[in-house]
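K.L.:
final.cif is the file, holding mmCIF, C-alpha atoms:
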data_upload
#
loop_
_atom_site.group_PDB
_atom_site.id
_atom_site.type_symbol
_atom_site.label_atom_id
_atom_site.label_comp_id
_atom_site.auth_asym_id
_atom_site.auth_seq_id
_atom_site.Cartn_x
_atom_site.Cartn_y
_atom_site.Cartn_z
ATOM 1 C CA ASP D 1 97.909 82.552 61.016
ATOM 2 C CA ALA D 2 99.617 84.348 63.904
ATOM 3 C CA THR D 3 101.215 81.175 65.296
ATOM 4 C CA GLN D 4 102.778 80.319 61.967
ATOM 5 C CA LEU D 5 104.051 83.881 61.552
ATOM 6 C CA THR D 6 105.660 83.701 64.995
ATOM 7 C CA MET D 7 107.360 80.411 64.143
ATOM 8 C CA ILE D 8 108.649 81.763 60.805
ATOM 9 C CA CYS D 9 109.898 85.025 62.356
ATOM 10 C CA THR D 10 111.609 83.130 65.186
ATOM 11 C CA TRP D 11 113.313 80.875 62.625
ATOM 12 C CA LEU D 12 114.451 83.960 60.684
ATOM 13 C CA VAL D 13 115.861 85.478 63.889
ATOM 14 C CA GLU D 14 117.950 82.328 64.300
ATOM 15 C CA LEU D 15 119.147 82.617 60.694
ATOM 16 C CA TYR D 16 120.094 86.259 61.114
ATOM 17 C CA LEU D 17 122.027 85.494 64.285
ATOM 18 C CA ASP D 18 123.920 82.665 62.587
ATOM 19 C CA LYS D 19 124.704 84.924 59.651
ATOM 20 C CA LEU D 20 125.995 87.662 61.957
ATOM 21 C CA ASN D 21 128.287 85.200 63.703
ATOM 22 C CA CYS D 22 129.666 83.992 60.353
ATOM 23 C CA GLN D 23 130.278 87.536 59.155
ATOM 24 C CA LYS D 24 131.994 88.366 62.431
ATOM 25 C CA GLU D 25 134.264 85.348 62.125
ATOM 26 C CA ASP D 26 135.112 86.193 58.508
ATOM 27 C CA GLY D 27 136.068 89.715 59.597
ATOM 28 C CA VAL D 28 134.214 91.427 56.745
ATOM 29 C CA ASP D 29 133.099 94.585 58.540
ATOM 30 C CA ASP D 30 131.066 96.101 55.681
ATOM 31 C CA GLU D 31 128.989 92.979 55.116
ATOM 32 C CA TYR D 32 128.605 92.482 58.867
ATOM 33 C CA GLY D 33 127.294 96.047 59.233
ATOM 34 C CA MET D 34 124.818 95.516 56.383
ATOM 35 C CA VAL D 35 123.478 92.287 57.903
ATOM 36 C CA LEU D 36 123.211 93.888 61.343
ATOM 37 C CA ASP D 37 121.285 96.845 59.915
ATOM 38 C CA GLU D 38 119.005 94.490 57.975
ATOM 39 C CA PHE D 39 118.396 92.411 61.120
ATOM 40 C CA ARG D 40 117.468 95.458 63.134
ATOM 41 C CA HIS D 41 114.948 96.520 60.484
ATOM 42 C CA PHE D 42 113.548 92.987 60.519
ATOM 43 C CA LEU D 43 113.058 93.150 64.300
ATOM 44 C CA GLN D 44 111.302 96.512 63.962
ATOM 45 C CA ASP D 45 109.024 95.400 61.135
ATOM 46 C CA ASN D 46 108.054 92.079 62.745
ATOM 47 C CA GLN D 47 108.002 93.019 66.401
ATOM 48 C CA GLU D 48 104.316 92.098 66.799
ATOM 49 C CA PHE D 49 104.957 88.538 65.569
ATOM 50 C CA LEU D 50 107.887 87.795 67.861
ATOM 51 C CA ASN D 51 107.581 86.333 71.333
ATOM 52 C CA PRO D 52 109.780 88.612 73.477
ATOM 53 C CA GLU D 53 111.125 85.994 75.906
ATOM 54 C CA THR D 54 111.874 83.500 73.164
ATOM 55 C CA THR D 55 113.606 86.193 71.141
ATOM 56 C CA TYR D 56 115.581 87.419 74.157
ATOM 57 C CA ASN D 57 116.764 83.864 74.856
ATOM 58 C CA LEU D 58 117.794 83.326 71.248
ATOM 59 C CA ILE D 59 119.754 86.553 71.065
ATOM 60 C CA SER D 60 121.389 85.901 74.455
ATOM 61 C CA SER D 61 122.405 82.371 73.467
ATOM 62 C CA HIS D 62 124.381 83.885 70.591
ATOM 63 C CA GLY D 63 126.009 86.430 72.889
ATOM 64 C CA ARG D 64 124.644 89.366 70.889
ATOM 65 C CA ILE D 65 124.403 91.952 73.684
ATOM 66 C CA ASP D 66 124.178 94.876 71.226
ATOM 67 C CA VAL D 67 121.182 93.291 69.495
ATOM 68 C CA LEU D 68 119.645 92.340 72.846
ATOM 69 C CA LEU D 69 119.761 95.967 74.005
ATOM 70 C CA PHE D 70 118.346 97.136 70.672
ATOM 71 C CA TYR D 71 115.460 94.669 70.889
ATOM 72 C CA ALA D 72 114.806 95.493 74.565
ATOM 73 C CA THR D 73 114.672 99.204 73.711
ATOM 74 C CA LEU D 74 112.337 98.393 70.817
ATOM 75 C CA ASN D 75 110.031 96.659 73.289
ATOM 76 C CA GLU D 76 110.391 99.541 75.740
ATOM 77 C CA ASP D 77 111.830 97.031 78.177
ATOM 78 C CA HIS D 78 113.753 99.765 79.943
ATOM 79 C CA GLU D 79 114.188 97.748 83.121
ATOM 80 C CA ARG D 80 116.180 95.107 81.251
ATOM 81 C CA VAL D 81 118.394 97.728 79.597
ATOM 82 C CA ILE D 82 119.052 99.588 82.857
ATOM 83 C CA THR D 83 119.805 96.333 84.688
ATOM 84 C CA HIS D 84 122.326 95.410 81.984
ATOM 85 C CA HIS D 85 124.149 98.731 82.326
ATOM 86 C CA LEU D 86 124.197 98.532 86.125
ATOM 87 C CA GLN D 87 125.643 95.022 86.044
ATOM 88 C CA ARG D 88 128.481 96.379 83.905
ATOM 89 C CA GLY D 89 128.990 99.424 86.139
ATOM 90 C CA GLU D 90 127.819 101.745 83.339
ATOM 91 C CA TYR D 91 125.980 104.120 85.650
ATOM 92 C CA ASN D 92 125.815 107.107 83.295
ATOM 93 C CA LYS D 93 124.329 104.933 80.540
ATOM 94 C CA ALA D 94 121.785 103.576 83.020
ATOM 95 C CA LEU D 95 120.843 107.134 84.014
ATOM 96 C CA GLU D 96 120.494 108.125 80.372
ATOM 97 C CA VAL D 97 118.003 105.296 79.758
ATOM 98 C CA LEU D 98 116.198 106.030 83.024
ATOM 99 C CA SER D 99 115.753 109.708 82.178
ATOM 100 C CA LYS D 100 114.292 108.951 78.738
ATOM 101 C CA GLN D 101 111.558 106.562 79.934
ATOM 102 C CA SER D 102 108.305 107.436 81.720
ATOM 103 C CA SER D 103 107.978 104.914 84.569
ATOM 104 C CA VAL D 104 108.329 106.671 87.901
ATOM 105 C CA GLU D 105 108.633 103.308 89.640
ATOM 106 C CA LEU D 106 111.869 102.554 87.776
ATOM 107 C CA TYR D 107 113.363 105.727 89.256
ATOM 108 C CA TYR D 108 112.546 104.504 92.753
ATOM 109 C CA LYS D 109 113.760 100.954 92.016
ATOM 110 C CA PHE D 110 117.160 101.841 90.582
ATOM 111 C CA SER D 111 117.971 105.057 92.445
ATOM 112 C CA PRO D 112 119.541 103.396 95.522
ATOM 113 C CA VAL D 113 122.362 101.759 93.528
ATOM 114 C CA LEU D 114 122.735 104.808 91.279
ATOM 115 C CA MET D 115 122.956 107.142 94.265
ATOM 116 C CA ARG D 116 125.564 104.869 95.809
ATOM 117 C CA TYR D 117 127.914 104.765 92.844
ATOM 118 C CA ALA D 118 127.102 107.877 90.775
ATOM 119 C CA PRO D 119 125.698 110.403 93.272
ATOM 120 C CA VAL D 120 126.296 113.662 91.385
ATOM 121 C CA ALA D 121 124.909 112.385 88.081
ATOM 122 C CA THR D 122 121.965 110.795 89.890
ATOM 123 C CA VAL D 123 121.025 114.037 91.644
ATOM 124 C CA ASN D 124 121.342 115.878 88.319
ATOM 125 C CA THR D 125 118.824 113.421 86.868
ATOM 126 C CA TRP D 126 116.448 113.786 89.822
ATOM 127 C CA ILE D 127 116.509 117.563 89.621
ATOM 128 C CA LYS D 128 115.386 117.331 85.982
ATOM 129 C CA ALA D 129 112.487 115.088 87.059
ATOM 130 C CA PRO D 130 110.160 117.280 89.178
ATOM 131 C CA PHE D 131 107.446 114.602 89.074
ATOM 132 C CA LEU D 132 109.405 112.465 91.561
ATOM 133 C CA ASP D 133 108.280 112.224 95.177
ATOM 134 C CA PRO D 134 111.337 113.205 97.279
ATOM 135 C CA ALA D 135 110.103 111.143 100.235
ATOM 136 C CA LYS D 136 110.268 107.990 98.107
ATOM 137 C CA LEU D 137 113.901 108.784 97.296
ATOM 138 C CA ILE D 138 114.983 108.839 100.952
ATOM 139 C CA PRO D 139 116.038 105.141 100.844
ATOM 140 C CA ALA D 140 118.311 106.079 97.938
ATOM 141 C CA LEU D 141 119.667 109.118 99.802
ATOM 142 C CA MET D 142 120.604 106.820 102.675
ATOM 143 C CA ARG D 143 122.929 104.877 100.333
ATOM 144 C CA TYR D 144 125.045 107.953 99.638
ATOM 145 C CA ASP D 145 128.815 107.679 99.992
ATOM 146 C CA ILE D 146 130.659 110.982 99.548
ATOM 147 C CA ASN D 147 133.767 109.023 98.548
ATOM 148 C CA ASN D 148 131.991 108.218 95.278
ATOM 149 C CA ASN D 149 131.682 111.885 94.336
ATOM 150 C CA PRO D 150 133.711 112.613 91.169
ATOM 151 C CA PRO D 151 137.000 114.489 91.697
ATOM 152 C CA GLY D 152 136.353 118.141 92.486
ATOM 153 C CA HIS D 153 132.792 117.576 93.745
ATOM 154 C CA LYS D 154 132.848 118.102 97.510
ATOM 155 C CA GLN D 155 129.203 119.051 98.089
ATOM 156 C CA ASN D 156 126.997 116.647 100.012
ATOM 157 C CA GLN D 157 124.589 115.372 97.338
ATOM 158 C CA PRO D 158 121.578 114.497 99.550
ATOM 159 C CA ILE D 159 121.712 118.046 100.940
ATOM 160 C CA ARG D 160 122.040 119.430 97.409
ATOM 161 C CA TYR D 161 118.938 117.549 96.249
ATOM 162 C CA LEU D 162 116.838 118.251 99.330
ATOM 163 C CA GLN D 163 117.694 121.955 99.214
ATOM 164 C CA HIS D 164 116.301 121.970 95.683
ATOM 165 C CA VAL D 165 112.987 120.270 96.539
ATOM 166 C CA VAL D 166 112.277 121.250 100.142
ATOM 167 C CA LYS D 167 110.868 124.683 99.321
ATOM 168 C CA ASN D 168 108.064 123.027 97.348
ATOM 169 C CA SER D 169 107.469 120.153 99.758
ATOM 170 C CA GLU D 170 105.071 119.921 102.659
ATOM 171 C CA ASP D 171 106.134 116.398 103.576
ATOM 172 C CA PRO D 172 107.578 116.299 107.129
ATOM 173 C CA ALA D 173 109.721 113.282 106.175
ATOM 174 C CA VAL D 174 111.578 115.383 103.599
ATOM 175 C CA HIS D 175 112.118 118.293 105.997
ATOM 176 C CA ASN D 176 113.206 116.034 108.848
ATOM 177 C CA TYR D 177 115.672 114.167 106.651
ATOM 178 C CA LEU D 178 117.234 117.421 105.497
ATOM 179 C CA LEU D 179 117.401 118.457 109.149
ATOM 180 C CA ALA D 180 119.312 115.255 109.923
ATOM 181 C CA MET D 181 121.719 115.932 107.050
ATOM 182 C CA TYR D 182 122.380 119.468 108.272
ATOM 183 C CA ALA D 183 122.883 118.282 111.852
ATOM 184 C CA GLN D 184 125.559 115.828 110.705
ATOM 185 C CA SER D 185 127.346 118.385 108.540
ATOM 186 C CA ASP D 186 129.935 120.921 109.680
ATOM 187 C CA ASP D 187 127.873 123.894 108.472
ATOM 188 C CA GLU D 188 125.921 125.037 111.542
ATOM 189 C CA LYS D 189 124.992 128.307 109.805
ATOM 190 C CA ALA D 190 123.055 126.356 107.185
ATOM 191 C CA LEU D 191 121.338 124.411 109.991
ATOM 192 C CA LEU D 192 120.337 127.607 111.803
ATOM 193 C CA LYS D 193 119.047 129.139 108.573
ATOM 194 C CA PHE D 194 116.961 126.036 107.920
ATOM 195 C CA LEU D 195 115.549 126.031 111.462
ATOM 196 C CA SER D 196 114.672 129.727 111.327
ATOM 197 C CA ALA D 197 112.711 129.153 108.113
ATOM 198 C CA GLN D 198 110.530 126.625 109.967
ATOM 199 C CA THR D 199 108.886 129.091 112.337
ATOM 200 C CA SER D 200 105.929 130.097 110.120
ATOM 201 C CA GLU D 201 105.173 126.670 108.605
ATOM 202 C CA ARG D 202 106.556 123.968 110.839
ATOM 203 C CA TYR D 203 107.249 120.749 108.986
ATOM 204 C CA ILE D 204 109.886 119.419 111.387
ATOM 205 C CA ASP D 205 109.587 117.876 114.821
ATOM 206 C CA PHE D 206 111.456 120.246 117.135
ATOM 207 C CA LYS D 207 111.885 117.589 119.828
ATOM 208 C CA TYR D 208 113.541 115.378 117.222
ATOM 209 C CA ALA D 209 115.570 118.365 116.050
ATOM 210 C CA LEU D 210 116.756 119.002 119.601
ATOM 211 C CA ARG D 211 117.856 115.385 120.067
ATOM 212 C CA LEU D 212 119.781 115.513 116.790
ATOM 213 C CA CYS D 213 121.477 118.789 117.592
ATOM 214 C CA MET D 214 122.462 117.572 121.054
ATOM 215 C CA LYS D 215 123.829 114.343 119.574
ATOM 216 C CA PHE D 216 126.001 116.174 117.053
ATOM 217 C CA LYS D 217 126.912 118.993 119.479
ATOM 218 C CA LYS D 218 125.294 121.825 117.521
ATOM 219 C CA THR D 219 125.038 124.123 120.535
ATOM 220 C CA GLN D 220 123.838 127.244 118.724
ATOM 221 C CA ALA D 221 121.062 125.258 117.112
ATOM 222 C CA CYS D 222 120.150 123.730 120.486
ATOM 223 C CA GLY D 223 119.859 127.200 121.974
ATOM 224 C CA TYR D 224 117.650 128.332 119.120
ATOM 225 C CA ILE D 225 115.361 125.299 119.491
ATOM 226 C CA TYR D 226 115.089 125.782 123.266
ATOM 227 C CA SER D 227 114.020 129.352 122.605
ATOM 228 C CA VAL D 228 111.441 128.381 119.960
ATOM 229 C CA MET D 229 110.002 125.757 122.311
ATOM 230 C CA GLY D 230 109.755 128.329 125.112
ATOM 231 C CA LEU D 231 112.396 126.578 127.213
ATOM 232 C CA TYR D 232 114.135 129.822 128.171
ATOM 233 C CA GLU D 233 115.884 128.491 131.266
ATOM 234 C CA GLU D 234 117.551 125.765 129.225
ATOM 235 C CA ALA D 235 118.459 128.289 126.523
ATOM 236 C CA VAL D 236 120.087 130.640 129.041
ATOM 237 C CA ASP D 237 121.952 127.807 130.809
ATOM 238 C CA LEU D 238 123.288 126.507 127.514
ATOM 239 C CA ALA D 239 124.422 129.973 126.418
ATOM 240 C CA LEU D 240 126.209 130.521 129.725
ATOM 241 C CA SER D 241 127.921 127.137 129.496
ATOM 242 C CA GLU D 242 129.268 128.253 126.109
ATOM 243 C CA HIS D 243 130.251 131.685 127.520
ATOM 244 C CA ASP D 244 127.815 133.317 125.085
ATOM 245 C CA ILE D 245 126.603 136.181 127.253
ATOM 246 C CA GLU D 246 124.753 137.974 124.452
ATOM 247 C CA SER D 247 122.611 134.937 123.661
ATOM 248 C CA ALA D 248 121.954 134.420 127.352
ATOM 249 C CA LYS D 249 120.750 138.039 127.711
ATOM 250 C CA MET D 250 118.576 137.752 124.601
ATOM 251 C CA ASN D 251 116.845 134.608 125.908
ATOM 252 C CA ALA D 252 116.493 136.058 129.404
ATOM 253 C CA ASP D 253 114.367 138.854 127.928
ATOM 254 C CA LYS D 254 112.035 136.573 125.982
ATOM 255 C CA PRO D 255 109.519 135.550 128.668
ATOM 256 C CA GLU D 256 107.767 138.948 128.424
ATOM 257 C CA ASP D 257 104.643 137.794 130.289
ATOM 258 C CA ASP D 258 106.530 136.212 133.176
ATOM 259 C CA ASP D 259 108.363 138.807 135.245
ATOM 260 C CA VAL D 260 109.381 136.261 137.891
ATOM 261 C CA LEU D 261 111.066 133.989 135.350
ATOM 262 C CA ARG D 262 112.699 136.898 133.564
ATOM 263 C CA LYS D 263 114.188 138.167 136.825
ATOM 264 C CA LYS D 264 115.341 134.665 137.717
ATOM 265 C CA LEU D 265 117.112 134.320 134.387
ATOM 266 C CA TRP D 266 118.819 137.704 134.677
ATOM 267 C CA LEU D 267 120.093 136.785 138.127
ATOM 268 C CA ARG D 268 121.805 133.746 136.619
ATOM 269 C CA ILE D 269 123.632 135.997 134.191
#
Rewrite the coordinates I just gave you, this time as structure tokens.
P.N.:
Amino acid sequence: DATQLTMICTWLVELYLDKLNCQKEDGVDDEYGMVLDEFRHFLQDNQEFLNPETTYNLISSHGRIDVLLFYATLNEDHERVITHHLQRGEYNKALEVLSKQSSVELYYKFSPVLMRYAPVATVNTWIKAPFLDPAKLIPALMRYDINNNPPGHKQNQPIRYLQHVVKNSEDPAVHNYLLAMYAQSDDEKALLKFLSAQTSERYIDFKYALRLCMKFKKTQACGYIYSVMGLYEEAVDLALSEHDIESAKMNADKPEDDDVLRKKLWLRI
């Protein structure tokens, strides 16, 4: 019956493992390779009769990591394989396994450590996986360390990923996180371009955007946000404080339906 088959197959696993160890000690590579190949075929053919945890423990007790990974892959135990690679710092191998399996939850589980230590390769993998929810990757984006970019890769990887997905996203969390990334970067032109694209479909919180831009001293962006929010006095005052007369004049003309305010603003200039 099934119980007897499991017992017999488990016993044979033990025999194969002992035989592999003997062949390894004898240093006969050809015979070792033949036994290893035979063992792998045995595991494939008798997978249904083997208890996974018992088999994992047996293989581990013999220190056969290569066989353990083979058996885990056979069982589609991708989490075990990925965990093994991460523990050894084999981030590219972990990403390769991750990209070939179908569980979205494994992407979200392992992405924080992958983003931390292999940011460029991780973003490459995400970009090839359009089924991912960018908002659920924000915790991973927060683990980013630009010092872990490979040599020659200077681009901010969270910005790179969010630029790729934001045009197809209506999630305010995604837009606001990209806003925060832009505000912290040195590229104020990119920030202004992003803000100007928000006027028709607003997915960001402009009050939050203003606080961010003030915090990181993005004065041009602050002026733009003041203008969008209809705070023309603040926009003119900010432009004047930066000696930007043209921007001050442009904002002074914006309150078209309020002659008193427009005159007041022009007098300041």
K.L.:
What's the 10 Å shell around Ala239 of chain D, counting only C-alpha atoms, without same-chain residues fewer than 5 positions away, as a ChimeraX atom specification?
P.N.:
/D:219-220,222-223,233-234,244-251,269
K.L.:
Any idea what the distance is between atom CA of Leu17 of chain D and atom CA of Val35 of chain D?
P.N.:
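Computed distance, atom CA of Leu17 of chain D to atom CA of Val35 of chain D, equals 9.4 Å.
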K.L.:
Would you kindly translate the PyMOL selection byres ((chain D and resi 59) around 12) into the concrete residues it picks from this file, as a PyMOL selection string?
P.N.:
chain D and resi 10+12-18+20-21+39+43+52-58+60-72
K.L.:
Select all residues near (122.4, 115.2, 118.7) (cut-off 12 Å, inclusive, file coordinates), counting only C-alpha atoms, and output them as number ranges by chain.
P.N.:
D: 179-185, 207-219, 221-222
K.L.:
Taking the file as shown, what set of residues would the PyMOL selection byres ((chain D and resi 155) around 12) give back, as a PyMOL selection string?
P.N.:
chain D and resi 119-120+123+144-154+156-161+163+185-187
K.L.:
To box segment 179-196 of chain D, take all atoms listed in the file, fit an axis-aligned box, add 6 Å on each side, and give centre and edge lengths in Å to one decimal, as AutoDock Vina command-line options.
P.N.:
--center_x 122.3 --center_y 122.5 --center_z 109.5 --size_x 27.3 --size_y 26.5 --size_z 16.8
K.L.:
Tell me which protein, DNA and RNA residues are within 10 Å of segment 75-92 of chain D, counting all atoms listed in the file, leaving out same-chain ones fewer than 4 positions away, and put them as a ChimeraX atom specification.
P.N.:
/D:44,47-48,52,65,68-71,96-98,100-103,106,109-110,113-115,117-119,121-122
K.L.:
What separation in Å, quoted to one decimal, exists between atom CA of Asn51 of chain D and atom CA of Leu74 of chain D?
P.N.:
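Rounded to one decimal, the two atoms are 13.0 Å apart.
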